[in-house]
$ cat protein-v2.txt   # compact mmCIF, C-alpha atoms
# COMPACT_ATOMS: atom_id res chain seq x y z
CA MET X 298 0.00 0.00 0.00
CA ASP X 299 1.54 3.32 -1.13
CA GLU X 300 -0.18 5.51 1.42
CA THR X 301 0.94 5.61 5.03
CA LEU X 302 -0.94 6.64 8.14
CA GLY X 303 1.23 9.76 8.30
CA LYS X 304 0.15 10.94 4.85
CA ALA X 305 -3.49 10.23 5.67
CA LEU X 306 -3.25 12.09 8.97
CA ARG X 307 -1.86 15.18 7.25
CA ARG X 308 -4.62 15.08 4.64
CA TRP X 309 -7.37 14.66 7.22
CA ARG X 310 -5.85 17.33 9.48
CA ASP X 311 -5.67 19.85 6.63
CA ARG X 312 -9.33 19.49 5.72
CA LEU X 313 -10.71 20.22 9.23
CA SER X 314 -11.71 23.75 10.09
CA PRO X 315 -10.80 24.95 13.60
CA ILE X 316 -14.44 25.95 13.99
CA ASP X 317 -15.48 22.31 13.54
CA VAL X 318 -13.71 21.40 16.78
CA GLY X 319 -14.83 24.42 18.77
CA ARG X 320 -11.85 26.69 18.16
CA PRO X 321 -12.16 30.29 17.04
CA SER X 322 -10.61 30.97 13.64
CA ARG X 323 -8.41 33.94 14.56
CA PRO X 324 -7.25 36.56 12.04
CA GLY X 325 -3.77 35.92 10.71
CA ARG X 326 -3.91 32.17 11.22
CA ARG X 327 -1.55 30.59 8.68
CA ALA X 328 -2.24 26.91 9.20
CA VAL X 329 -4.64 25.22 6.80
CA GLY X 330 -6.90 23.06 8.92
CA LEU X 331 -5.63 21.91 12.31
CA ARG X 332 -2.12 22.33 13.61
CA ARG X 333 -0.26 19.28 14.85
CA GLU X 334 -0.41 20.72 18.35
CA GLU X 335 -4.17 20.99 18.11
CA LEU X 336 -4.59 17.44 16.83
CA ALA X 337 -2.33 16.16 19.61
CA GLU X 338 -4.44 17.85 22.27
CA LEU X 339 -7.72 16.71 20.74
CA ALA X 340 -6.49 13.12 20.59
CA GLY X 341 -4.87 13.14 24.02
CA LEU X 342 -1.40 12.47 22.58
CA SER X 343 1.93 14.25 22.80
CA VAL X 344 2.89 16.59 19.99
CA ASP X 345 6.12 14.63 19.51
CA TYR X 346 4.16 11.41 18.99
CA VAL X 347 1.90 13.03 16.38
CA VAL X 348 5.00 14.35 14.60
CA ARG X 349 6.57 10.88 14.61
CA LEU X 350 3.33 9.35 13.29
CA GLU X 351 3.16 11.84 10.44
CA GLN X 352 6.84 11.37 9.60
CA GLY X 353 6.51 7.57 9.63
CA ARG X 354 8.85 7.13 12.61
CA ALA X 355 6.09 5.70 14.82
CA THR X 356 4.72 2.71 12.91
CA ASN X 357 2.80 0.65 15.46
CA PRO X 358 0.13 2.76 17.13
CA SER X 359 -2.35 0.91 19.30
CA ALA X 360 -6.02 0.50 18.44
CA GLN X 361 -6.84 2.99 21.20
CA VAL X 362 -4.54 5.60 19.62
CA VAL X 363 -6.11 5.09 16.19
CA ALA X 364 -9.60 5.40 17.71
CA SER X 365 -8.62 8.65 19.45
CA LEU X 366 -7.17 10.08 16.24
CA ALA X 367 -10.30 9.07 14.31
CA ARG X 368 -12.50 10.88 16.83
CA ALA X 369 -10.29 13.97 16.85
CA LEU X 370 -10.21 14.10 13.04
CA GLN X 371 -13.97 13.46 12.77
CA LEU X 372 -13.45 10.58 10.36
CA GLU X 373 -16.37 8.82 8.77
CA PRO X 374 -16.68 5.09 9.59
CA LEU X 375 -15.05 3.96 6.33
CA GLU X 376 -12.17 6.38 6.86
CA ARG X 377 -11.74 5.18 10.43
CA ASP X 378 -11.56 1.57 9.25
CA TYR X 379 -9.03 2.62 6.59
CA ALA X 380 -6.85 4.18 9.31
CA TYR X 381 -6.85 0.90 11.23
CA ARG X 382 -5.84 -1.05 8.14
CA LEU X 383 -3.03 1.37 7.30
CA VAL X 384 -1.22 0.24 10.46
CA GLY X 385 -2.11 -3.43 10.15
CA LEU X 386 -4.94 -3.47 12.68
CA LEU X 387 -8.41 -4.93 12.25
CA PRO X 388 -11.17 -2.30 12.37
CA PRO X 389 -13.79 -2.63 15.11
CA GLN X 390 -15.90 -5.64 14.31
CA GLU X 391 -19.65 -5.66 13.87
CA GLY X 392 -21.33 -6.29 17.19
CA ALA X 393 -18.65 -4.49 19.20
CA ILE X 394 -19.37 -1.32 21.18
CA SER X 395 -18.54 1.76 19.13
CA THR X 396 -16.21 4.43 20.47
CA HIS X 397 -16.53 6.48 17.28
CA VAL X 398 -18.28 9.84 17.63
CA PRO X 399 -19.76 10.77 14.22
CA ALA X 400 -18.49 13.98 12.66
CA GLY X 401 -21.96 15.52 12.62
CA VAL X 402 -22.37 14.90 16.33
CA GLN X 403 -18.98 16.50 17.02
CA ARG X 404 -19.97 19.57 15.03
CA VAL X 405 -23.19 19.87 17.06
CA LEU X 406 -21.22 19.53 20.29
CA ALA X 407 -18.75 22.18 19.15
CA ARG X 408 -21.65 24.61 19.07
CA LEU X 409 -23.22 23.70 22.40
CA GLY X 410 -20.89 26.26 23.91
CA GLU X 411 -21.68 26.78 27.56
CA PHE X 412 -22.98 23.31 28.42
CA PRO X 413 -21.03 20.68 30.38
CA VAL X 414 -21.25 17.63 28.12
CA GLY X 415 -19.62 14.22 28.49
CA VAL X 416 -19.61 11.71 25.62
CA PHE X 417 -19.91 8.05 26.66
CA SER X 418 -19.85 4.74 24.83
CA ALA X 419 -22.56 2.12 25.39
CA ASP X 420 -20.62 0.55 28.27
CA TRP X 421 -20.48 3.97 30.00
CA THR X 422 -16.83 4.76 29.33
CA LEU X 423 -16.15 8.49 29.04
CA LEU X 424 -14.75 9.19 25.57
CA SER X 425 -14.57 12.98 25.44
CA TRP X 426 -15.85 16.09 27.15
CA THR X 427 -16.25 19.83 26.78
CA PRO X 428 -14.18 22.36 28.73
CA ALA X 429 -17.32 23.27 30.68
CA TRP X 430 -17.58 19.61 31.79
CA ALA X 431 -13.99 19.71 33.07
CA VAL X 432 -14.74 22.94 34.95
CA LEU X 433 -17.87 21.57 36.61
CA MET X 434 -16.75 17.98 37.25
CA GLY X 435 -12.96 18.18 37.28
CA ASP X 436 -10.61 17.37 34.40
CA PRO X 437 -10.37 13.57 33.82
CA SER X 438 -7.59 13.81 31.22
CA ALA X 439 -5.00 12.11 33.45
CA ARG X 440 -7.26 9.09 34.12
CA THR X 441 -6.86 5.75 32.39
CA HIS X 442 -9.43 4.23 30.06
CA ALA X 443 -10.56 1.84 32.83
CA GLU X 444 -10.87 4.64 35.39
CA ARG X 445 -13.19 6.55 33.08
CA ASN X 446 -15.92 3.91 33.18
CA LEU X 447 -18.91 5.33 35.03
CA VAL X 448 -20.36 2.00 36.17
CA ARG X 449 -17.00 0.85 37.56
CA ALA X 450 -16.65 4.21 39.33
CA VAL X 451 -20.10 3.95 40.89
CA PHE X 452 -19.86 0.35 42.08
CA VAL X 453 -16.18 -0.50 42.58
CA THR X 454 -13.40 2.08 42.44
CA GLY X 455 -15.20 5.21 43.55
CA PRO X 456 -15.90 8.28 41.42
CA SER X 457 -12.39 9.76 41.30
CA GLY X 458 -11.78 8.51 37.76
CA LEU X 459 -14.55 10.71 36.44
CA VAL X 460 -14.99 13.54 38.93
CA ALA X 461 -12.71 15.43 41.27
CA TRP X 462 -15.31 16.18 43.95
CA PRO X 463 -18.62 14.68 45.16
CA VAL X 464 -21.46 14.40 42.66
CA LEU X 465 -24.64 13.17 44.32
CA PRO X 466 -27.86 12.02 42.63
CA ASP X 467 -31.08 13.50 44.02
CA ASN X 468 -32.54 10.02 44.54
CA ASP X 469 -31.61 6.33 44.63
CA ALA X 470 -32.51 5.63 41.00
CA LEU X 471 -29.03 6.00 39.48
CA ASN X 472 -27.49 2.67 40.48
CA PRO X 473 -30.42 0.46 39.37
CA ALA X 474 -30.70 2.46 36.15
CA LEU X 475 -27.02 1.96 35.32
CA VAL X 476 -27.24 -1.79 35.89
CA ALA X 477 -30.39 -2.04 33.79
CA ASP X 478 -28.74 -0.01 31.04
CA LEU X 479 -25.63 -2.20 31.10
CA ARG X 480 -27.79 -5.31 30.82
CA THR X 481 -29.47 -3.77 27.78
CA ALA X 482 -26.02 -3.09 26.29
CA LEU X 483 -25.08 -6.73 26.80
CA VAL X 484 -28.19 -7.78 24.87
CA ASN X 485 -27.21 -5.43 22.05
CA TYR X 486 -23.49 -6.36 22.08
CA PRO X 487 -23.29 -9.96 23.30
CA ARG X 488 -19.92 -10.58 21.59
CA ASP X 489 -18.17 -7.48 22.90
CA ARG X 490 -15.32 -8.88 25.00
CA GLY X 491 -14.69 -5.68 26.94
CA LEU X 492 -18.34 -5.44 27.96
CA ASN X 493 -18.50 -9.09 29.02
CA ASP X 494 -15.31 -8.67 31.05
CA LEU X 495 -16.69 -5.53 32.69
CA VAL X 496 -19.91 -7.25 33.75
CA ALA X 497 -17.97 -10.25 35.11
CA GLU X 498 -15.65 -7.93 37.05
CA LEU X 499 -18.51 -5.94 38.55
CA ARG X 500 -20.48 -9.06 39.53
CA SER X 501 -17.45 -10.47 41.35
CA THR X 502 -16.31 -7.26 43.07
CA SER X 503 -19.54 -5.44 43.97
CA ALA X 504 -22.24 -7.14 46.03
CA GLU X 505 -24.67 -4.32 45.18
CA PHE X 506 -24.07 -4.69 41.45
CA ALA X 507 -24.45 -8.48 41.68
CA ARG X 508 -27.74 -8.11 43.55
CA LEU X 509 -29.13 -5.58 41.09
CA TRP X 510 -27.94 -7.70 38.17
CA GLU X 511 -29.78 -10.74 39.48
CA GLU X 512 -32.98 -8.71 39.72
CA GLY X 513 -32.90 -8.65 35.92
CA ALA X 514 -34.11 -5.13 35.17
CA VAL X 515 -33.59 -3.96 31.59
CA GLY X 516 -33.86 -0.40 30.32
CA PRO X 517 -31.94 2.77 29.49
CA HIS X 518 -30.55 5.30 31.93
CA VAL X 519 -32.07 8.56 30.73
CA SER X 520 -32.06 11.47 33.17
CA THR X 521 -31.79 12.51 36.80
CA ARG X 522 -30.91 15.48 38.98
CA LYS X 523 -27.42 15.84 40.40
CA ILE X 524 -25.84 17.92 43.14
CA ILE X 525 -22.21 18.81 42.45
CA LYS X 526 -20.30 19.86 45.57
CA HIS X 527 -17.80 22.13 43.87
CA PRO X 528 -14.86 23.43 45.94
CA GLN X 529 -15.12 26.93 44.42
CA VAL X 530 -18.86 27.64 44.58
CA GLY X 531 -20.38 25.00 46.84
CA GLU X 532 -23.43 23.00 45.78
CA VAL X 533 -24.61 23.26 42.17
CA ARG X 534 -27.90 21.54 41.37
CA CYS X 535 -28.16 20.42 37.75
CA ASP X 536 -30.52 18.50 35.53
CA CYS X 537 -28.61 15.63 33.95
CA ASP X 538 -30.08 14.34 30.68
CA VAL X 539 -28.81 11.43 28.59
CA LEU X 540 -29.20 11.69 24.82
CA THR X 541 -28.45 8.61 22.72
CA VAL X 542 -27.19 8.93 19.14
CA PRO X 543 -29.07 6.42 16.94
CA GLY X 544 -26.91 4.12 14.89
CA CYS X 545 -23.82 4.21 17.10
CA ASP X 546 -25.21 4.09 20.66
CA ILE X 547 -23.06 7.00 21.79
CA ARG X 548 -24.52 8.77 24.84
CA LEU X 549 -24.31 12.50 25.44
CA VAL X 550 -24.64 13.36 29.13
CA VAL X 551 -25.69 17.01 29.30
CA TYR X 552 -25.81 19.10 32.48
CA THR X 553 -28.06 22.16 32.49
CA VAL X 554 -29.34 24.65 35.05
CA ALA X 555 -32.36 26.93 35.01
CA ALA X 556 -31.67 30.32 33.46
CA GLY X 557 -31.43 33.12 36.01
CA SER X 558 -31.09 30.75 38.96
CA ALA X 559 -28.41 30.81 41.64
CA ASP X 560 -27.03 27.62 40.09
CA ALA X 561 -26.73 29.40 36.72
CA GLU X 562 -24.78 32.19 38.39
CA LYS X 563 -22.42 29.65 39.98
CA LEU X 564 -21.86 27.87 36.66
CA GLU X 565 -21.16 31.17 34.90
CA PHE X 566 -18.70 32.12 37.63
CA LEU X 567 -16.89 28.81 37.16
CA ARG X 568 -16.69 29.31 33.40
CA VAL X 569 -15.34 32.84 33.71
CA THR X 570 -12.81 32.13 36.46
CA ASN X 571 -11.55 29.00 34.72
CA GLY X 572 -11.10 30.62 31.32
CA VAL X 573 -13.95 28.99 29.38
CA CYS X 574 -15.19 31.39 26.69
CA ALA X 575 -18.83 32.12 26.05
CA ASP X 576 -18.68 29.90 22.95
CA GLY X 577 -17.43 26.98 25.04
CA SER X 578 -13.76 27.16 24.00
CA SER X 579 -10.82 27.54 26.36
CA PRO X 580 -8.49 30.41 25.43
CA PRO X 581 -6.01 30.76 23.96
CA GLU X 582 -5.32 27.32 22.48
CA PRO X 583 -7.21 24.40 24.12
CA GLY X 584 -10.01 22.97 21.97
CA LEU X 585 -13.46 21.71 22.73
CA PHE X 586 -12.69 18.06 23.18
CA SER X 587 -10.29 16.14 25.33
CA THR X 588 -9.94 12.46 24.52
CA PRO X 589 -8.20 9.44 25.98
$ encode --input "protein-v2.txt" --output "structure tokens"
Amino acid sequence: MDETLGKALRRWRDRLSPIDVGRPSRPGRRAVGLRREELAELAGLSVDYVVRLEQGRATNPSAQVVASLARALQLEPLERDYAYRLVGLLPPQEGAISTHVPAGVQRVLARLGEFPVGVFSADWTLLSWTPAWAVLMGDPSARTHAERNLVRAVFVTGPSGLVAWPVLPDNDALNPALVADLRTALVNYPRDRGLNDLVAELRSTSAEFARLWEEGAVGPHVSTRKIIKHPQVGEVRCDCDVLTVPGCDIRLVVYTVAAGSADAEKLEFLRVTNGVCADGSSPPEPGLFSTP
């Protein structure tokens, strides 16, 4: 094959507008498309590693790295699969949980601006988030892929992989809803090894999860109210809604507050004091999405 991953990365990087990933297009910008530094941040990689990939000096990226690059570059499914094949990896197989966030969904998210939004796969692993999410919940960028799983955080390891301070549901419905949702995911993706391993782990390490699992409830986790005990502003009460993207089973977890409320004032204070612009971007250089 004549083309390399490096050549493809440069082509895909050049075609993306900064606006598509939530960055302002400033006057005098010379770069066509995204800079290497911007792609590195969006994909959660070092700039040096992106340079080595593009120059062909890093030839064996992992499947997780390719998936992160595909999300950052907003590749279509066929392009994503092509990227896997360029480095000798099998693309995600049919019946496996998707970690690919469609380009159209990313463009919508780039324009949500002020809202804290987390993007989760069907097994409730956090894939990406907006700067406003990091401000409200704490930045999870240093956490591992395993630590970013919401169900594991709720039942086994504690919430520190996803949040930096207490986030409390208004009622007791969250835990049963997560178990029911995970059971539904297992029905939809029975051959996904990671999902099967996760369920086995949780059943063996959490008595509460095992009990709820045996009760056999099935159904999606959709919405709830949350109280975030933020160290800067105290309690922030938010509505937490879960939106599922048809066709890929990606979940958008969106936190909102009532306009004009004390909670809205607290959220605005957090955005301003933590450098999140009104359009949702983080000046001067960070982009909308962080990814594993």
$ residues_around --input "protein-v2.txt" --residues "segment 555-563 of chain X" --least-positions-apart "3" --cutoff "9 Å" --atoms "only C-alpha atoms" --output "ChimeraX atom specification"
/X:529-536,566-568
$ atom_distance --input "protein-v2.txt" --atom1 "atom CA of Arg307 of chain X" --atom2 "atom CA of Glu351 of chain X"
6.8 Å
$ closest_atom_pairs --input "protein-v2.txt" --of "segment 522-579 of chain X" --to "segment 388-399 of chain X" --cutoff "9 Å" --atoms "all atoms listed in the file" --output "Markdown table"
| residue | atom | partner | partner_atom | distance |
| --- | --- | --- | --- | --- |
| X:Cys545 | CA | X:Ser395 | CA | 6.2 |
| X:Asp546 | CA | X:Ser395 | CA | 7.2 |
| X:Ile547 | CA | X:Val398 | CA | 6.9 |
$ residues_around --input "protein-v2.txt" --residues "Ala461 of chain X" --least-positions-apart "5" --cutoff "12 Å" --atoms "all atoms listed in the file" --output "VMD selection string"
chain X and resid 430 to 440 455 to 456 525 to 528
$ atom_distance --input "protein-v2.txt" --atom1 "atom CA of Ala482 of chain X" --atom2 "atom CA of Val318 of chain X"
29.0 Å
$ closest_residue --input "protein-v2.txt" --among "X:Thr441, X:Ile524, X:Arg490, X:Thr427" --to "Asn468 of chain X" --atoms "only C-alpha atoms"
X:Ile524
$ closest_atom_pairs --input "protein-v2.txt" --of "segment 453-502 of chain X" --to "segment 509-522 of chain X" --cutoff "10 Å" --atoms "all atoms listed in the file" --output "CSV"
residue,atom,partner,partner_atom,distance
X:Leu465,CA,X:Arg522,CA,8.6
X:Pro466,CA,X:Arg522,CA,5.9
X:Asp467,CA,X:Arg522,CA,5.4
X:Asn468,CA,X:Arg522,CA,8.0
X:Asp469,CA,X:Thr521,CA,10.0
X:Ala470,CA,X:Thr521,CA,8.1
X:Leu471,CA,X:Thr521,CA,7.6
X:Asn472,CA,X:Leu509,CA,8.4
X:Pro473,CA,X:Leu509,CA,6.4
X:Ala474,CA,X:His518,CA,5.1
X:Leu475,CA,X:His518,CA,5.9
X:Val476,CA,X:Trp510,CA,6.4
X:Ala477,CA,X:Val515,CA,4.3
X:Asp478,CA,X:Pro517,CA,4.5
X:Leu479,CA,X:Val515,CA,8.2
X:Arg480,CA,X:Val515,CA,6.0
X:Thr481,CA,X:Val515,CA,5.6
X:Ala482,CA,X:Pro517,CA,8.9
X:Val484,CA,X:Val515,CA,9.4
X:Val496,CA,X:Trp510,CA,9.2
X:Leu499,CA,X:Trp510,CA,9.6
X:Arg500,CA,X:Trp510,CA,7.7
$ atom_distance --input "protein-v2.txt" --atom1 "atom CA of Thr301 of chain X" --atom2 "atom CA of Glu338 of chain X"
21.8 Å
$ closest_residue --input "protein-v2.txt" --among "X:Ala367, X:Phe412, X:Arg326, X:Val402" --to "Gly544 of chain X" --atoms "all atoms listed in the file"
X:Val402
$ closest_residue --input "protein-v2.txt" --among "X:Val329, X:Leu302, X:Ala355, X:Val448" --to "Asp378 of chain X" --atoms "all atoms listed in the file"
X:Leu302
$ closest_residue --input "protein-v2.txt" --among "X:Gly491, X:Gly353, X:Pro315, X:Gly572" --to "Leu336 of chain X" --atoms "only C-alpha atoms"
X:Pro315
$ decode --input "protein-v2.txt" --residues "segment 329-419 of chain X" --atoms "C-alpha atoms" --output "CSV table (one decimal), in the first residue's frame"
chain,number,residue,atom,x,y,z
X,329,VAL,CA,-4.6,25.2,6.8
X,330,GLY,CA,-6.9,23.1,8.9
X,331,LEU,CA,-5.6,21.9,12.3
X,332,ARG,CA,-2.1,22.3,13.6
X,333,ARG,CA,-0.3,19.3,14.9
X,334,GLU,CA,-0.4,20.7,18.4
X,335,GLU,CA,-4.2,21.0,18.1
X,336,LEU,CA,-4.6,17.4,16.8
X,337,ALA,CA,-2.3,16.2,19.6
X,338,GLU,CA,-4.4,17.8,22.3
X,339,LEU,CA,-7.7,16.7,20.7
X,340,ALA,CA,-6.5,13.1,20.6
X,341,GLY,CA,-4.9,13.1,24.0
X,342,LEU,CA,-1.4,12.5,22.6
X,343,SER,CA,1.9,14.2,22.8
X,344,VAL,CA,2.9,16.6,20.0
X,345,ASP,CA,6.1,14.6,19.5
X,346,TYR,CA,4.2,11.4,19.0
X,347,VAL,CA,1.9,13.0,16.4
X,348,VAL,CA,5.0,14.4,14.6
X,349,ARG,CA,6.6,10.9,14.6
X,350,LEU,CA,3.3,9.3,13.3
X,351,GLU,CA,3.2,11.8,10.4
X,352,GLN,CA,6.8,11.4,9.6
X,353,GLY,CA,6.5,7.6,9.6
X,354,ARG,CA,8.9,7.1,12.6
X,355,ALA,CA,6.1,5.7,14.8
X,356,THR,CA,4.7,2.7,12.9
X,357,ASN,CA,2.8,0.6,15.5
X,358,PRO,CA,0.1,2.8,17.1
X,359,SER,CA,-2.4,0.9,19.3
X,360,ALA,CA,-6.0,0.5,18.4
X,361,GLN,CA,-6.8,3.0,21.2
X,362,VAL,CA,-4.5,5.6,19.6
X,363,VAL,CA,-6.1,5.1,16.2
X,364,ALA,CA,-9.6,5.4,17.7
X,365,SER,CA,-8.6,8.6,19.5
X,366,LEU,CA,-7.2,10.1,16.2
X,367,ALA,CA,-10.3,9.1,14.3
X,368,ARG,CA,-12.5,10.9,16.8
X,369,ALA,CA,-10.3,14.0,16.9
X,370,LEU,CA,-10.2,14.1,13.0
X,371,GLN,CA,-14.0,13.5,12.8
X,372,LEU,CA,-13.5,10.6,10.4
X,373,GLU,CA,-16.4,8.8,8.8
X,374,PRO,CA,-16.7,5.1,9.6
X,375,LEU,CA,-15.0,4.0,6.3
X,376,GLU,CA,-12.2,6.4,6.9
X,377,ARG,CA,-11.7,5.2,10.4
X,378,ASP,CA,-11.6,1.6,9.2
X,379,TYR,CA,-9.0,2.6,6.6
X,380,ALA,CA,-6.9,4.2,9.3
X,381,TYR,CA,-6.8,0.9,11.2
X,382,ARG,CA,-5.8,-1.1,8.1
X,383,LEU,CA,-3.0,1.4,7.3
X,384,VAL,CA,-1.2,0.2,10.5
X,385,GLY,CA,-2.1,-3.4,10.1
X,386,LEU,CA,-4.9,-3.5,12.7
X,387,LEU,CA,-8.4,-4.9,12.3
X,388,PRO,CA,-11.2,-2.3,12.4
X,389,PRO,CA,-13.8,-2.6,15.1
X,390,GLN,CA,-15.9,-5.6,14.3
X,391,GLU,CA,-19.7,-5.7,13.9
X,392,GLY,CA,-21.3,-6.3,17.2
X,393,ALA,CA,-18.7,-4.5,19.2
X,394,ILE,CA,-19.4,-1.3,21.2
X,395,SER,CA,-18.5,1.8,19.1
X,396,THR,CA,-16.2,4.4,20.5
X,397,HIS,CA,-16.5,6.5,17.3
X,398,VAL,CA,-18.3,9.8,17.6
X,399,PRO,CA,-19.8,10.8,14.2
X,400,ALA,CA,-18.5,14.0,12.7
X,401,GLY,CA,-22.0,15.5,12.6
X,402,VAL,CA,-22.4,14.9,16.3
X,403,GLN,CA,-19.0,16.5,17.0
X,404,ARG,CA,-20.0,19.6,15.0
X,405,VAL,CA,-23.2,19.9,17.1
X,406,LEU,CA,-21.2,19.5,20.3
X,407,ALA,CA,-18.8,22.2,19.2
X,408,ARG,CA,-21.6,24.6,19.1
X,409,LEU,CA,-23.2,23.7,22.4
X,410,GLY,CA,-20.9,26.3,23.9
X,411,GLU,CA,-21.7,26.8,27.6
X,412,PHE,CA,-23.0,23.3,28.4
X,413,PRO,CA,-21.0,20.7,30.4
X,414,VAL,CA,-21.3,17.6,28.1
X,415,GLY,CA,-19.6,14.2,28.5
X,416,VAL,CA,-19.6,11.7,25.6
X,417,PHE,CA,-19.9,8.1,26.7
X,418,SER,CA,-19.8,4.7,24.8
X,419,ALA,CA,-22.6,2.1,25.4
